[in-house]
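Raw contents of protein_0.cif, mmCIF, N, CA, C and O atoms:
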data_upload
loop_
_atom_site.label_atom_id
_atom_site.label_comp_id
_atom_site.auth_asym_id
_atom_site.auth_seq_id
_atom_site.Cartn_x
_atom_site.Cartn_y
_atom_site.Cartn_z
N MET N 223 81.96 28.73 303.66
CA MET N 223 82.90 29.37 302.79
C MET N 223 84.29 28.80 303.07
O MET N 223 84.73 28.75 304.20
N SER N 224 84.96 28.35 302.03
CA SER N 224 86.32 27.82 302.20
C SER N 224 87.32 28.98 302.27
O SER N 224 87.02 30.09 301.86
N PRO N 225 88.52 28.74 302.78
CA PRO N 225 89.51 29.81 302.89
C PRO N 225 89.91 30.41 301.54
O PRO N 225 90.35 31.53 301.48
N LYS N 226 89.73 29.66 300.46
CA LYS N 226 90.08 30.19 299.15
C LYS N 226 88.99 31.07 298.56
O LYS N 226 89.24 31.80 297.61
N ASP N 227 87.79 31.01 299.11
CA ASP N 227 86.69 31.82 298.61
C ASP N 227 86.68 33.16 299.33
O ASP N 227 86.01 33.35 300.33
N VAL N 228 87.42 34.10 298.80
CA VAL N 228 87.48 35.43 299.39
C VAL N 228 86.81 36.38 298.42
O VAL N 228 87.25 36.53 297.28
N THR N 229 85.75 37.00 298.87
CA THR N 229 85.06 37.94 298.02
C THR N 229 85.21 39.33 298.59
O THR N 229 85.26 39.54 299.80
N SER N 230 85.29 40.28 297.71
CA SER N 230 85.40 41.68 298.10
C SER N 230 84.54 42.49 297.17
O SER N 230 84.58 42.32 295.96
N ASP N 231 83.75 43.39 297.74
CA ASP N 231 82.91 44.21 296.89
C ASP N 231 83.61 45.51 296.50
O ASP N 231 83.09 46.28 295.73
N GLY N 232 84.82 45.74 296.98
CA GLY N 232 85.59 46.91 296.59
C GLY N 232 86.40 46.63 295.34
O GLY N 232 86.72 45.51 295.02
N LYS N 233 86.74 47.67 294.63
CA LYS N 233 87.49 47.53 293.38
C LYS N 233 89.00 47.66 293.60
O LYS N 233 89.76 47.52 292.68
N SER N 234 89.45 47.96 294.79
CA SER N 234 90.87 48.17 295.05
C SER N 234 91.65 46.88 294.86
O SER N 234 91.29 45.84 295.39
N GLY N 235 92.72 46.96 294.07
CA GLY N 235 93.58 45.80 293.88
C GLY N 235 93.14 44.86 292.77
O GLY N 235 93.69 43.80 292.63
N THR N 236 92.16 45.25 291.97
CA THR N 236 91.73 44.40 290.87
C THR N 236 91.90 45.16 289.57
O THR N 236 91.96 46.37 289.54
N GLY N 237 91.99 44.44 288.50
CA GLY N 237 92.12 45.07 287.20
C GLY N 237 93.56 45.20 286.77
O GLY N 237 94.48 44.68 287.39
N LEU N 238 93.74 45.94 285.69
CA LEU N 238 95.07 46.08 285.10
C LEU N 238 95.97 46.99 285.92
O LEU N 238 97.14 46.69 286.11
N TRP N 239 95.47 48.09 286.44
CA TRP N 239 96.30 49.07 287.15
C TRP N 239 96.07 49.02 288.65
O TRP N 239 95.33 49.80 289.21
N THR N 240 96.71 48.07 289.29
CA THR N 240 96.67 47.98 290.75
C THR N 240 97.71 48.93 291.31
O THR N 240 98.62 49.37 290.60
N PRO N 241 97.62 49.29 292.59
CA PRO N 241 98.63 50.18 293.18
C PRO N 241 100.05 49.63 293.07
O PRO N 241 101.00 50.39 292.84
N GLY N 242 100.22 48.34 293.19
CA GLY N 242 101.55 47.75 293.06
C GLY N 242 102.10 47.89 291.64
O GLY N 242 103.27 48.18 291.45
N ARG N 243 101.25 47.69 290.65
CA ARG N 243 101.69 47.81 289.26
C ARG N 243 102.00 49.25 288.91
O ARG N 243 102.91 49.53 288.12
N ILE N 244 101.24 50.19 289.47
CA ILE N 244 101.53 51.60 289.25
C ILE N 244 102.89 51.96 289.84
O ILE N 244 103.69 52.66 289.22
N ALA N 245 103.17 51.47 291.05
CA ALA N 245 104.46 51.73 291.69
C ALA N 245 105.60 51.15 290.86
O ALA N 245 106.64 51.80 290.67
N VAL N 246 105.42 49.95 290.36
CA VAL N 246 106.46 49.33 289.52
C VAL N 246 106.64 50.11 288.23
O VAL N 246 107.77 50.33 287.78
N ALA N 247 105.56 50.58 287.62
CA ALA N 247 105.66 51.36 286.38
C ALA N 247 106.41 52.67 286.62
O ALA N 247 107.23 53.08 285.79
N VAL N 248 106.16 53.32 287.75
CA VAL N 248 106.87 54.55 288.09
C VAL N 248 108.35 54.26 288.30
O VAL N 248 109.22 55.00 287.80
N LEU N 249 108.68 53.18 289.00
CA LEU N 249 110.08 52.81 289.22
C LEU N 249 110.79 52.48 287.90
O LEU N 249 111.94 52.89 287.69
N VAL N 250 110.12 51.78 287.01
CA VAL N 250 110.71 51.45 285.72
C VAL N 250 110.95 52.73 284.92
O VAL N 250 112.00 52.89 284.28
N ALA N 251 110.02 53.67 284.95
CA ALA N 251 110.21 54.94 284.25
C ALA N 251 111.41 55.70 284.82
O ALA N 251 112.21 56.26 284.06
N LEU N 252 111.56 55.71 286.15
CA LEU N 252 112.70 56.38 286.76
C LEU N 252 114.02 55.69 286.39
O LEU N 252 115.03 56.37 286.15
N VAL N 253 114.02 54.38 286.33
CA VAL N 253 115.22 53.64 285.92
C VAL N 253 115.59 53.98 284.48
O VAL N 253 116.76 54.19 284.16
N ILE N 254 114.60 54.04 283.60
CA ILE N 254 114.87 54.37 282.20
C ILE N 254 115.45 55.77 282.07
O ILE N 254 116.41 55.99 281.33
N VAL N 255 114.90 56.73 282.81
CA VAL N 255 115.45 58.09 282.79
C VAL N 255 116.87 58.09 283.32
O VAL N 255 117.78 58.72 282.74
N PHE N 256 117.13 57.38 284.42
CA PHE N 256 118.47 57.31 285.00
C PHE N 256 119.46 56.72 284.01
O PHE N 256 120.59 57.19 283.88
N ILE N 257 119.05 55.68 283.31
CA ILE N 257 119.92 55.05 282.32
C ILE N 257 120.21 56.01 281.17
O ILE N 257 121.34 56.12 280.70
N CYS N 258 119.20 56.74 280.72
CA CYS N 258 119.37 57.62 279.57
C CYS N 258 120.26 58.82 279.85
O CYS N 258 120.91 59.34 278.94
N VAL N 259 120.33 59.30 281.08
CA VAL N 259 121.15 60.48 281.38
C VAL N 259 122.59 60.11 281.70
O VAL N 259 123.44 60.99 281.78
N ASN N 260 122.91 58.85 281.88
CA ASN N 260 124.28 58.42 282.16
C ASN N 260 124.86 57.81 280.89
O ASN N 260 124.76 56.61 280.65
N THR N 261 125.50 58.67 280.08
CA THR N 261 125.95 58.23 278.76
C THR N 261 127.46 58.17 278.61
O THR N 261 127.95 57.74 277.57
N GLN N 262 128.23 58.59 279.61
CA GLN N 262 129.69 58.59 279.45
C GLN N 262 130.23 57.16 279.45
O GLN N 262 129.58 56.24 279.91
N SER N 263 131.44 57.01 278.91
CA SER N 263 132.08 55.69 278.88
C SER N 263 132.75 55.41 280.21
O SER N 263 133.29 56.33 280.84
N VAL N 264 132.70 54.17 280.63
CA VAL N 264 133.32 53.76 281.89
C VAL N 264 134.10 52.47 281.65
O VAL N 264 133.84 51.74 280.71
N THR N 265 135.07 52.23 282.52
CA THR N 265 135.81 50.98 282.50
C THR N 265 135.31 50.12 283.65
O THR N 265 135.30 50.55 284.80
N ILE N 266 134.87 48.92 283.33
CA ILE N 266 134.29 48.02 284.31
C ILE N 266 135.13 46.75 284.36
O ILE N 266 135.49 46.21 283.31
N ARG N 267 135.45 46.30 285.55
CA ARG N 267 136.18 45.04 285.69
C ARG N 267 135.15 43.92 285.83
O ARG N 267 134.36 43.89 286.75
N VAL N 268 135.18 43.00 284.86
CA VAL N 268 134.28 41.85 284.86
C VAL N 268 135.12 40.64 285.23
O VAL N 268 135.73 40.02 284.37
N ILE N 269 135.19 40.33 286.51
CA ILE N 269 136.00 39.29 287.13
C ILE N 269 137.48 39.51 286.81
O ILE N 269 138.21 39.99 287.65
N ILE N 270 137.95 39.22 285.62
CA ILE N 270 139.36 39.44 285.31
C ILE N 270 139.55 40.52 284.24
O ILE N 270 140.29 41.46 284.47
N PRO N 271 138.89 40.45 283.09
CA PRO N 271 139.16 41.48 282.07
C PRO N 271 138.50 42.81 282.41
O PRO N 271 137.51 42.86 283.13
N GLN N 272 139.08 43.88 281.89
CA GLN N 272 138.46 45.19 282.01
C GLN N 272 137.77 45.51 280.69
O GLN N 272 138.33 45.30 279.62
N VAL N 273 136.56 46.01 280.79
CA VAL N 273 135.75 46.30 279.61
C VAL N 273 135.40 47.79 279.64
O VAL N 273 134.97 48.30 280.67
N THR N 274 135.60 48.47 278.53
CA THR N 274 135.18 49.87 278.41
C THR N 274 133.91 49.90 277.58
O THR N 274 133.88 49.37 276.46
N MET N 275 132.87 50.49 278.14
CA MET N 275 131.58 50.56 277.47
C MET N 275 130.83 51.77 277.98
O MET N 275 131.17 52.32 279.02
N PRO N 276 129.80 52.19 277.27
CA PRO N 276 128.97 53.29 277.77
C PRO N 276 128.27 52.86 279.07
O PRO N 276 127.84 51.71 279.20
N LEU N 277 128.16 53.79 280.01
CA LEU N 277 127.54 53.47 281.29
C LEU N 277 126.08 53.06 281.11
O LEU N 277 125.60 52.18 281.81
N TRP N 278 125.39 53.66 280.15
CA TRP N 278 123.98 53.31 279.96
C TRP N 278 123.83 51.84 279.58
O TRP N 278 122.86 51.19 279.96
N LEU N 279 124.80 51.31 278.84
CA LEU N 279 124.73 49.90 278.44
C LEU N 279 124.92 48.98 279.65
O LEU N 279 124.22 47.98 279.80
N ALA N 280 125.86 49.35 280.52
CA ALA N 280 126.08 48.55 281.74
C ALA N 280 124.87 48.62 282.65
O ALA N 280 124.45 47.60 283.22
N LEU N 281 124.28 49.80 282.80
CA LEU N 281 123.08 49.93 283.64
C LEU N 281 121.91 49.16 283.05
O LEU N 281 121.15 48.51 283.78
N LEU N 282 121.75 49.22 281.74
CA LEU N 282 120.67 48.48 281.09
C LEU N 282 120.85 46.99 281.27
O LEU N 282 119.89 46.26 281.55
N ALA N 283 122.09 46.51 281.15
CA ALA N 283 122.35 45.08 281.34
C ALA N 283 121.99 44.66 282.77
O ALA N 283 121.36 43.61 282.98
N MET N 284 122.37 45.46 283.76
CA MET N 284 122.05 45.13 285.16
C MET N 284 120.55 45.17 285.40
O MET N 284 120.00 44.34 286.14
N PHE N 285 119.86 46.12 284.78
CA PHE N 285 118.41 46.20 284.91
C PHE N 285 117.74 44.96 284.33
O PHE N 285 116.85 44.37 284.95
N LEU N 286 118.19 44.53 283.15
CA LEU N 286 117.60 43.34 282.52
C LEU N 286 117.90 42.08 283.32
O LEU N 286 117.03 41.21 283.46
N ILE N 287 119.12 41.98 283.85
CA ILE N 287 119.45 40.83 284.70
C ILE N 287 118.57 40.81 285.94
O ILE N 287 118.08 39.77 286.36
N GLY N 288 118.33 41.99 286.51
CA GLY N 288 117.44 42.09 287.68
C GLY N 288 116.01 41.69 287.35
O GLY N 288 115.34 41.03 288.14
N LEU N 289 115.53 42.09 286.17
CA LEU N 289 114.18 41.70 285.75
C LEU N 289 114.06 40.18 285.60
O LEU N 289 113.09 39.58 286.04
N VAL N 290 115.07 39.58 284.98
CA VAL N 290 115.04 38.13 284.78
C VAL N 290 115.08 37.40 286.13
O VAL N 290 114.30 36.47 286.38
N CYS N 291 115.97 37.83 287.02
CA CYS N 291 116.07 37.19 288.34
C CYS N 291 114.79 37.39 289.15
O CYS N 291 114.29 36.45 289.77
N GLY N 292 114.24 38.60 289.13
CA GLY N 292 112.99 38.85 289.85
C GLY N 292 111.83 38.05 289.28
O GLY N 292 111.01 37.51 290.02
N GLY N 293 111.76 37.96 287.97
CA GLY N 293 110.71 37.17 287.34
C GLY N 293 110.82 35.69 287.67
O GLY N 293 109.82 35.01 287.88
N TYR N 294 112.05 35.20 287.75
CA TYR N 294 112.26 33.79 288.09
C TYR N 294 111.91 33.52 289.55
O TYR N 294 111.26 32.52 289.85
N LEU N 295 112.33 34.40 290.44
CA LEU N 295 112.11 34.16 291.87
C LEU N 295 110.65 34.35 292.29
O LEU N 295 110.18 33.68 293.20
N PHE N 296 109.95 35.28 291.65
CA PHE N 296 108.61 35.61 292.10
C PHE N 296 107.52 35.20 291.13
O PHE N 296 106.40 35.70 291.21
N ARG N 297 107.81 34.27 290.23
CA ARG N 297 106.77 33.81 289.32
C ARG N 297 105.73 33.01 290.09
O ARG N 297 106.02 32.39 291.10
N ARG N 298 104.53 33.06 289.59
CA ARG N 298 103.43 32.34 290.25
C ARG N 298 103.35 30.95 289.67
O ARG N 298 103.35 30.75 288.46
N LYS N 299 103.23 29.99 290.55
CA LYS N 299 103.14 28.60 290.10
C LYS N 299 101.67 28.17 290.11
O LYS N 299 100.89 28.59 290.95
N GLY N 300 101.31 27.33 289.17
CA GLY N 300 99.98 26.78 289.15
C GLY N 300 98.96 27.60 288.38
O GLY N 300 97.79 27.33 288.40
N ARG N 301 99.41 28.64 287.70
CA ARG N 301 98.47 29.42 286.89
C ARG N 301 98.72 29.24 285.45
O ARG N 301 99.73 29.10 284.94
#
Could you rewrite the structure in this file as structure tokens?
Amino acid sequence: MSPKDVTSDGKSGTGLWTPGRIAVAVLVALVIVFICVNTQSVTIRVIIPQVTMPLWLALLAMFLIGLVCGGYLFRRKGR
């Protein structure tokens, strides 16, 4: 048996809903709730200019930037 041939007769960690994906789904749901309840306007300094926008929009932008960065850093190569 080569090191790449790993067989497991258990179902844990296979399929669409693995424990890691469930944890990520719960975290995403919590982030969405957090974004939705923060609706007041805020002033944010973006390097030099100050921008006034709803807080939910700023949080959503940071969440999307985090998703893009995480997807880029942890993408699987060779598949």
Mind checking which residues fall within 10 Å of Val259 (chain N), counting only C-alpha atoms, ignoring those fewer than 5 positions away in the same chain, and posting them as a ChimeraX atom specification? /N:254,277-278
Applied to this file, what does the PyMOL selection byres ((chain N and resi 275) around 6) return in terms of residues, put as a VMD selection string? chain N and resid 262 to 266 273 to 274 276 to 277
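Across the structure, CA of Phe285 (chain N) and CA of Cys258 (chain N) are spaced 12.6 Å apart.
In this model, the gap between atom C of Cys291 (chain N) and CA of Leu249 (chain N) comes to 16.1 Å.
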If you run DSSP over the backbone, which residues in chain N end up alpha helix (DSSP H)? Put them as an NGL selection string. :N and (241-259 or 277-295)
Could you tell me how far atom N of Met284 (chain N) lies from CA of Arg243 (chain N), in Å and to one decimal? 21.5 Å
From the coordinates supplied, region 261-285 of chain N should be written with N, CA, C and O atoms, as a compact mmCIF listing (two decimals), in the first residue's frame.
# COMPACT_ATOMS: atom_id res chain seq x y z
N THR N 261 -26.71 48.33 11.82
CA THR N 261 -27.20 49.09 10.66
C THR N 261 -26.93 50.59 10.75
O THR N 261 -27.23 51.30 9.81
N GLN N 262 -26.39 51.08 11.86
CA GLN N 262 -26.17 52.52 11.98
C GLN N 262 -25.06 52.98 11.04
O GLN N 262 -24.24 52.20 10.60
N SER N 263 -25.05 54.28 10.74
CA SER N 263 -24.01 54.85 9.89
C SER N 263 -22.76 55.14 10.71
O SER N 263 -22.86 55.53 11.87
N VAL N 264 -21.62 54.93 10.11
CA VAL N 264 -20.34 55.18 10.78
C VAL N 264 -19.43 55.93 9.81
O VAL N 264 -19.61 55.89 8.61
N THR N 265 -18.45 56.62 10.39
CA THR N 265 -17.43 57.29 9.60
C THR N 265 -16.15 56.46 9.70
O THR N 265 -15.68 56.17 10.80
N ILE N 266 -15.63 56.07 8.56
CA ILE N 266 -14.45 55.21 8.51
C ILE N 266 -13.35 55.95 7.77
O ILE N 266 -13.60 56.56 6.72
N ARG N 267 -12.16 55.93 8.31
CA ARG N 267 -11.02 56.54 7.63
C ARG N 267 -10.36 55.46 6.76
O ARG N 267 -9.89 54.45 7.26
N VAL N 268 -10.37 55.70 5.45
CA VAL N 268 -9.75 54.79 4.50
C VAL N 268 -8.47 55.45 4.02
O VAL N 268 -8.49 56.23 3.08
N ILE N 269 -7.37 55.16 4.69
CA ILE N 269 -6.05 55.73 4.50
C ILE N 269 -6.10 57.25 4.66
O ILE N 269 -5.71 57.76 5.69
N ILE N 270 -6.60 58.00 3.71
CA ILE N 270 -6.65 59.46 3.88
C ILE N 270 -8.10 59.97 3.94
O ILE N 270 -8.44 60.67 4.87
N PRO N 271 -8.97 59.63 2.99
CA PRO N 271 -10.33 60.21 3.07
C PRO N 271 -11.17 59.54 4.15
O PRO N 271 -10.94 58.40 4.53
N GLN N 272 -12.15 60.28 4.64
CA GLN N 272 -13.13 59.72 5.56
C GLN N 272 -14.39 59.41 4.77
O GLN N 272 -14.85 60.22 3.97
N VAL N 273 -14.94 58.24 5.01
CA VAL N 273 -16.12 57.78 4.28
C VAL N 273 -17.22 57.50 5.31
O VAL N 273 -16.98 56.84 6.31
N THR N 274 -18.41 58.02 5.06
CA THR N 274 -19.56 57.70 5.91
C THR N 274 -20.42 56.70 5.16
O THR N 274 -20.82 56.94 4.01
N MET N 275 -20.68 55.58 5.81
CA MET N 275 -21.47 54.51 5.19
C MET N 275 -22.14 53.71 6.29
O MET N 275 -21.74 53.79 7.45
N PRO N 276 -23.14 52.92 5.94
CA PRO N 276 -23.75 52.04 6.94
C PRO N 276 -22.72 51.00 7.42
O PRO N 276 -21.91 50.51 6.63
N LEU N 277 -22.76 50.69 8.71
CA LEU N 277 -21.80 49.75 9.27
C LEU N 277 -21.95 48.37 8.63
O LEU N 277 -20.96 47.68 8.41
N TRP N 278 -23.17 47.98 8.29
CA TRP N 278 -23.36 46.66 7.69
C TRP N 278 -22.62 46.54 6.36
O TRP N 278 -22.12 45.48 6.01
N LEU N 279 -22.54 47.65 5.62
CA LEU N 279 -21.84 47.62 4.34
C LEU N 279 -20.33 47.46 4.54
O LEU N 279 -19.68 46.69 3.82
N ALA N 280 -19.79 48.15 5.55
CA ALA N 280 -18.36 48.01 5.85
C ALA N 280 -18.05 46.60 6.34
O ALA N 280 -17.04 46.00 5.93
N LEU N 281 -18.91 46.04 7.19
CA LEU N 281 -18.69 44.68 7.67
C LEU N 281 -18.81 43.66 6.54
O LEU N 281 -18.02 42.71 6.47
N LEU N 282 -19.77 43.86 5.66
CA LEU N 282 -19.93 42.95 4.52
C LEU N 282 -18.71 43.02 3.61
O LEU N 282 -18.23 41.98 3.13
N ALA N 283 -18.19 44.21 3.38
CA ALA N 283 -17.00 44.35 2.54
C ALA N 283 -15.81 43.61 3.16
O ALA N 283 -15.08 42.91 2.46
N MET N 284 -15.62 43.76 4.47
CA MET N 284 -14.51 43.07 5.15
C MET N 284 -14.70 41.55 5.11
O MET N 284 -13.74 40.80 4.94
N PHE N 285 -15.94 41.10 5.25
CA PHE N 285 -16.22 39.67 5.17
C PHE N 285 -15.89 39.12 3.79
O PHE N 285 -15.25 38.07 3.66
